[in-house]
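Engineer: First, the structure itself, so that you have it in front of you.
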Amino acid sequence: MQKRFGQNFLVSPGVRSKIVKLLELSKDDHVWEIGPGLGAMTHMVLGLCRNITVFEIDRGFISFLREHFSMVEGFELVEGDVMKNWQPAYTRFAPPSLIFGNLPYNCAASFIGDLIEAGANPRKMVFTIQKEVAERMSASPGTKRYGAFSMICAFSWDVRIAGIIKPGSFFPVPEVTSAIIEMVPHHRFSGLSAGLASTFAKDLFANRRKTVRNSLSGGILAARLGKNAILNAAEEAGIGLGQRGEEVSVEMVAKACGHLTDKFASNIL
């Protein structure tokens with residue numbers, strides 16, 4: 001194990017079994033596993049699906065995985081940093097129907113955000129992540145954890161916390177509590193530009209203390225498309241310019257982005 005990779009391995013058989021059950025695997029599934037380590041969950045999933053592609057960065061574990069699984073039909077190993085190589089793998093292999101993994105705390109939010117903003121669309125994703133990040137992802141408007149990441153997730157996914165994991169379920173034992181997060185695509189905002197919606201959400205929450213008017217006026221979209229266009233789109237969507245970002249619903253932002261798309265067409269993000 002290398003400390004710089006932020007590895008905390010899931011050693012609880014009960015939690016592992018719960019994650020596999022949540023995946024609802026079928027024989028036709030192509031599954032991605034992020035951070036397999038010594039392959040405990042890889043072993044559980046093999047045989048329940050058509051094939052599994054695992055992403056591992058640690059050279060020691062890569063050697064172990066090759067030795068124990070390389071001859072198994074349906075097993076594929078992608079070496080290196082998943083943040084850098086998941087998109088090439090997404091193009092090279094058939095898109096996965098399921099993605100799961102015990103994500104390192106230091107990259108979990110960034111990795112999930114990248115998947116969403118790039119338009120990855122598996123049938124389900126199940127991850128173990130820090131509880132605080134899970135709460136941000138599943139937060140509702142008006143709550144303390146609600147923010148840009150909550151919106152970015154909710155534009156295309158129904159997100160729920162499927163279980164809390166005590167620190168003792170990992171080795172080495174982390175200093176934080178973890179959670180299982182389950183993500184299912186909802187397709188309620190079909191046609192919504194992921195890049196536009198993500199940028200709108202980030203502008204809205206760039207400074208939580210500012211009003212919508214001030215946040216959007218100083219944001220990336222205002223610089224690109226014009227302040228008046230952004231504020232008009234917000235008002236047309238029912239967003240009060242005197243509100244704070246945490247009071248604005250995902251539906252309102254999706255509607256505002258729709259107005260911007262209609263207005264700017266090919267010039268949109």
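In the structure tokens, each chain is lettered A, B, ... as it comes, each chain's residues begin at 1, and ligands are numbered from 1 in order of appearance.
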Give me the residues near region 47-60 of chain A as number ranges by chain, where near means some atom within 10 Å (using only C-alpha atoms) and where sequence neighbours in that chain fewer than 2 positions away do not count.
Structural biologist: A: 1-2, 5, 7, 20, 24-39, 42-45, 62-65, 72-83, 85-86, 89, 93, 96, 98-101
Engineer: Can you write out the residues you just picked, keeping N, CA and C atoms, as a compact mmCIF listing (two decimals), in the first residue's frame?
Structural biologist:
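Output file part11.txt is given in full below:
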# COMPACT_ATOMS: atom_id res chain seq x y z
N MET A 1 0.84 -1.20 0.00
CA MET A 1 0.00 0.00 0.00
C MET A 1 0.87 1.25 0.00
N GLN A 2 0.47 2.23 -0.79
CA GLN A 2 1.19 3.49 -0.84
C GLN A 2 0.29 4.60 -0.32
N PHE A 5 -1.65 7.37 -2.37
CA PHE A 5 -2.84 7.08 -3.16
C PHE A 5 -4.13 7.16 -2.33
N GLN A 7 -5.37 5.19 0.02
CA GLN A 7 -6.08 3.92 0.00
C GLN A 7 -6.56 3.49 1.38
N VAL A 20 -22.64 -5.40 -3.82
CA VAL A 20 -22.92 -6.31 -4.94
C VAL A 20 -24.43 -6.46 -5.14
N GLU A 24 -27.32 -5.12 -8.69
CA GLU A 24 -28.34 -5.87 -9.44
C GLU A 24 -27.77 -6.37 -10.77
N LEU A 25 -26.73 -7.15 -10.66
CA LEU A 25 -25.98 -7.63 -11.82
C LEU A 25 -26.78 -8.61 -12.67
N SER A 26 -26.50 -8.57 -13.96
CA SER A 26 -27.04 -9.58 -14.88
C SER A 26 -25.91 -10.12 -15.72
N LYS A 27 -26.14 -11.23 -16.37
CA LYS A 27 -25.10 -11.90 -17.17
C LYS A 27 -24.66 -11.06 -18.37
N ASP A 28 -25.46 -10.09 -18.78
CA ASP A 28 -25.11 -9.28 -19.95
C ASP A 28 -24.35 -8.00 -19.59
N ASP A 29 -24.14 -7.75 -18.31
CA ASP A 29 -23.54 -6.49 -17.87
C ASP A 29 -22.03 -6.43 -18.14
N HIS A 30 -21.61 -5.23 -18.56
CA HIS A 30 -20.18 -4.90 -18.61
C HIS A 30 -19.94 -3.94 -17.45
N VAL A 31 -19.14 -4.35 -16.49
CA VAL A 31 -18.98 -3.64 -15.22
C VAL A 31 -17.60 -3.01 -15.13
N TRP A 32 -17.56 -1.80 -14.59
CA TRP A 32 -16.29 -1.17 -14.23
C TRP A 32 -16.15 -1.16 -12.72
N GLU A 33 -14.94 -1.52 -12.24
CA GLU A 33 -14.62 -1.39 -10.82
C GLU A 33 -13.44 -0.44 -10.68
N ILE A 34 -13.59 0.56 -9.81
CA ILE A 34 -12.54 1.53 -9.59
C ILE A 34 -11.82 1.18 -8.28
N GLY A 35 -10.50 0.98 -8.37
CA GLY A 35 -9.71 0.68 -7.18
C GLY A 35 -9.97 -0.69 -6.61
N PRO A 36 -9.70 -1.77 -7.34
CA PRO A 36 -9.99 -3.12 -6.84
C PRO A 36 -9.06 -3.61 -5.75
N GLY A 37 -7.87 -2.99 -5.61
CA GLY A 37 -6.94 -3.46 -4.57
C GLY A 37 -6.52 -4.89 -4.84
N LEU A 38 -6.79 -5.77 -3.90
CA LEU A 38 -6.44 -7.19 -4.04
C LEU A 38 -7.55 -8.00 -4.70
N GLY A 39 -8.60 -7.33 -5.17
CA GLY A 39 -9.61 -8.01 -5.97
C GLY A 39 -10.68 -8.76 -5.20
N THR A 42 -13.81 -7.86 -6.92
CA THR A 42 -13.68 -8.36 -8.29
C THR A 42 -14.07 -9.83 -8.34
N HIS A 43 -13.56 -10.58 -7.37
CA HIS A 43 -13.84 -12.01 -7.29
C HIS A 43 -15.34 -12.26 -7.10
N MET A 44 -16.01 -11.40 -6.32
CA MET A 44 -17.45 -11.58 -6.08
C MET A 44 -18.27 -11.30 -7.34
N VAL A 45 -17.80 -10.35 -8.14
CA VAL A 45 -18.57 -9.92 -9.32
C VAL A 45 -18.32 -10.82 -10.52
N ILE A 62 -1.38 -4.11 -9.06
CA ILE A 62 -1.50 -4.45 -10.48
C ILE A 62 -0.85 -5.81 -10.74
N SER A 63 0.32 -6.04 -10.17
CA SER A 63 1.01 -7.33 -10.33
C SER A 63 0.17 -8.46 -9.75
N PHE A 64 -0.39 -8.22 -8.58
CA PHE A 64 -1.22 -9.24 -7.93
C PHE A 64 -2.45 -9.56 -8.78
N LEU A 65 -3.12 -8.52 -9.27
CA LEU A 65 -4.33 -8.71 -10.06
C LEU A 65 -4.03 -9.47 -11.35
N VAL A 72 -8.63 -15.20 -16.39
CA VAL A 72 -10.08 -15.36 -16.22
C VAL A 72 -10.81 -14.68 -17.37
N GLU A 73 -11.69 -15.39 -18.00
CA GLU A 73 -12.46 -14.84 -19.12
C GLU A 73 -13.33 -13.66 -18.64
N GLY A 74 -13.29 -12.58 -19.40
CA GLY A 74 -14.11 -11.42 -19.06
C GLY A 74 -13.43 -10.40 -18.17
N PHE A 75 -12.16 -10.65 -17.81
CA PHE A 75 -11.42 -9.73 -16.94
C PHE A 75 -10.52 -8.82 -17.77
N GLU A 76 -10.56 -7.52 -17.48
CA GLU A 76 -9.71 -6.54 -18.16
C GLU A 76 -9.14 -5.60 -17.11
N LEU A 77 -7.84 -5.31 -17.18
CA LEU A 77 -7.18 -4.43 -16.23
C LEU A 77 -6.67 -3.19 -16.95
N VAL A 78 -7.02 -2.02 -16.41
CA VAL A 78 -6.50 -0.75 -16.92
C VAL A 78 -5.58 -0.18 -15.86
N GLU A 79 -4.32 0.01 -16.21
CA GLU A 79 -3.33 0.49 -15.25
C GLU A 79 -3.25 2.01 -15.25
N GLY A 80 -2.98 2.57 -14.06
CA GLY A 80 -2.71 4.00 -13.96
C GLY A 80 -3.81 4.77 -13.25
N ASP A 81 -3.69 6.08 -13.32
CA ASP A 81 -4.59 7.00 -12.64
C ASP A 81 -5.95 7.04 -13.35
N VAL A 82 -7.00 6.61 -12.68
CA VAL A 82 -8.32 6.57 -13.30
C VAL A 82 -8.80 7.95 -13.73
N MET A 83 -8.35 9.01 -13.04
CA MET A 83 -8.74 10.36 -13.42
C MET A 83 -8.23 10.70 -14.83
N ASN A 85 -7.26 8.11 -17.19
CA ASN A 85 -7.44 7.08 -18.22
C ASN A 85 -8.86 6.55 -18.36
N TRP A 86 -9.83 7.05 -17.56
CA TRP A 86 -11.17 6.50 -17.72
C TRP A 86 -11.81 6.90 -19.05
N ALA A 89 -10.51 4.84 -21.91
CA ALA A 89 -11.07 3.49 -21.77
C ALA A 89 -12.55 3.47 -22.16
N PHE A 93 -13.30 0.70 -24.98
CA PHE A 93 -14.14 -0.45 -24.67
C PHE A 93 -15.61 -0.09 -24.85
N PRO A 96 -19.65 1.01 -20.07
CA PRO A 96 -20.09 0.12 -18.98
C PRO A 96 -21.57 0.29 -18.68
N LEU A 98 -22.60 -0.68 -15.63
CA LEU A 98 -22.53 -0.41 -14.20
C LEU A 98 -21.12 0.04 -13.84
N ILE A 99 -21.01 0.98 -12.92
CA ILE A 99 -19.71 1.40 -12.38
C ILE A 99 -19.79 1.37 -10.86
N PHE A 100 -18.80 0.77 -10.22
CA PHE A 100 -18.77 0.77 -8.76
C PHE A 100 -17.33 0.85 -8.29
N GLY A 101 -17.17 1.11 -7.00
CA GLY A 101 -15.82 1.11 -6.45
C GLY A 101 -15.74 1.79 -5.10
Engineer: Please report, as a list of chain:residue names, each residue of region 167-207 of chain A to which DSSP assigns strand (DSSP E or B) when run on this structure's backbone.
Structural biologist: A:Phe170, A:Phe171, A:Ser178, A:Ala179, A:Ile180, A:Ile181, A:Glu182, A:Met183, A:Val184, A:Pro185
Engineer: Can you build me a table of region 19-60 of chain A residues sitting at most 8 Å from region 112-131 of chain A, with the closest atom pair per residue and its distance in Å to one decimal, using only C-alpha atoms, sorted by chain and residue number, as CSV?
Structural biologist:
residue,atom,partner,partner_atom,distance
A:Ile19,CA,A:Val126,CA,7.1
A:Leu22,CA,A:Val126,CA,7.5
A:Leu23,CA,A:Val126,CA,7.0
Engineer: Those same residues, written as a compact mmCIF listing (two decimals), in the first residue's frame with all heavy atoms?
Structural biologist:
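out_28.txt was written with the following content:
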# COMPACT_ATOMS: atom_id res chain seq x y z
N ILE A 19 -23.04 -3.99 -1.41
CA ILE A 19 -22.73 -3.28 -2.63
C ILE A 19 -23.03 -4.14 -3.86
O ILE A 19 -23.65 -3.68 -4.83
CB ILE A 19 -21.25 -2.83 -2.64
CG1 ILE A 19 -21.04 -1.74 -1.58
CG2 ILE A 19 -20.83 -2.32 -4.02
CD1 ILE A 19 -19.58 -1.42 -1.32
N LEU A 22 -26.71 -4.22 -4.41
CA LEU A 22 -27.21 -2.96 -4.97
C LEU A 22 -26.97 -2.88 -6.47
O LEU A 22 -27.74 -2.25 -7.20
CB LEU A 22 -26.54 -1.77 -4.27
CG LEU A 22 -27.01 -1.42 -2.88
CD1 LEU A 22 -26.07 -0.40 -2.24
CD2 LEU A 22 -28.43 -0.87 -2.91
N LEU A 23 -25.91 -3.50 -6.96
CA LEU A 23 -25.59 -3.44 -8.38
C LEU A 23 -26.64 -4.14 -9.24
O LEU A 23 -26.81 -3.79 -10.41
CB LEU A 23 -24.21 -4.06 -8.64
CG LEU A 23 -23.01 -3.26 -8.14
CD1 LEU A 23 -21.74 -4.09 -8.29
CD2 LEU A 23 -22.88 -1.95 -8.88
Engineer: Identify, on the basis of only C-alpha atoms, every residue whose closest approach to region 188-190 of chain A does not exceed 12 Å; exclude the query and any residue fewer than 4 positions from it along the same chain; express the result as a VMD selection string.
Structural biologist: chain A and resid 119 154 to 158 184 194 197 250 to 258
Engineer: Show me a table, sorted first by chain and then by increasing residue number, of the residues of region 124-211 of chain A having an atom at most 10 Å from region 223-242 of chain A, each with its shortest atom pair and the distance in Å to one decimal, counting only C-alpha atoms and written as a tab-separated table.
Structural biologist:
residue	atom	partner	partner_atom	distance
A:Phe200	CA	A:Ile230	CA	9.1
A:Lys210	CA	A:Gly242	CA	8.9
A:Thr211	CA	A:Gly242	CA	5.3
Engineer: The selected residues should be written to file as an mmCIF file, in the first residue's frame (atoms: N, CA and C atoms).
Structural biologist:
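result_10.cif, written as the output of this step:
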data_model
loop_
_atom_site.group_PDB
_atom_site.id
_atom_site.type_symbol
_atom_site.label_atom_id
_atom_site.label_comp_id
_atom_site.auth_asym_id
_atom_site.auth_seq_id
_atom_site.Cartn_x
_atom_site.Cartn_y
_atom_site.Cartn_z
ATOM 1 N N PHE A 200 -23.435 26.929 -14.884
ATOM 2 C CA PHE A 200 -24.464 27.745 -14.227
ATOM 3 C C PHE A 200 -24.475 27.466 -12.722
ATOM 4 N N LYS A 210 -23.460 35.656 -1.487
ATOM 5 C CA LYS A 210 -23.971 36.621 -2.454
ATOM 6 C C LYS A 210 -25.359 36.237 -2.943
ATOM 7 N N THR A 211 -26.092 37.229 -3.436
ATOM 8 C CA THR A 211 -27.391 36.964 -4.049
ATOM 9 C C THR A 211 -27.182 36.337 -5.420
#
Engineer: Name the closest residue to Ile161 (chain A) among the candidates A:Ala108, A:Ala148, A:Val173, A:Met137; distances are taken between atoms, counting only C-alpha atoms.
Structural biologist: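 Answer, going by the shortest atom-to-atom distance: A:Met137.
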Engineer: To one decimal place in Å, what is the distance between CA of Lys263 (chain A) and CA of Arg208 (chain A)?
Structural biologist: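 The value is 27.7 Å.
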Engineer: I need the residues in region 10-174 of chain A that are alpha helix (DSSP H) according to DSSP; give them as JSON, numbers by chain.
Structural biologist: {"A": [13, 14, 15, 16, 17, 18, 19, 20, 21, 22, 23, 40, 41, 42, 43, 44, 45, 59, 60, 61, 62, 63, 64, 65, 66, 67, 68, 69, 82, 83, 84, 85, 86, 87, 88, 89, 90, 91, 92, 108, 109, 110, 111, 112, 113, 114, 115, 116, 117, 131, 132, 133, 134, 135, 136, 137, 148, 149, 150, 151, 152, 153, 154]}
Engineer: In terms of the shortest atom-to-atom distance over only C-alpha atoms, which of A:Ala40, A:Asp203, A:Tyr90, A:Pro185 is closest to His68 (chain A)?
Structural biologist: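 Among A:Ala40, A:Asp203, A:Tyr90, A:Pro185, it is A:Ala40 that comes nearest to His68 (chain A).
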Engineer: So the first atom is CA of Leu10 (chain A) and the second is CA of Asn106 (chain A); what is the distance between them in Å, to one decimal place?
Structural biologist: 16.0 Å
Engineer: Can you measure CA of Pro167 (chain A) to CA of Cys107 (chain A) for me? One decimal in Å is fine.
Structural biologist: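 CA of Cys107 (chain A) lies 18.4 Å from CA of Pro167 (chain A).
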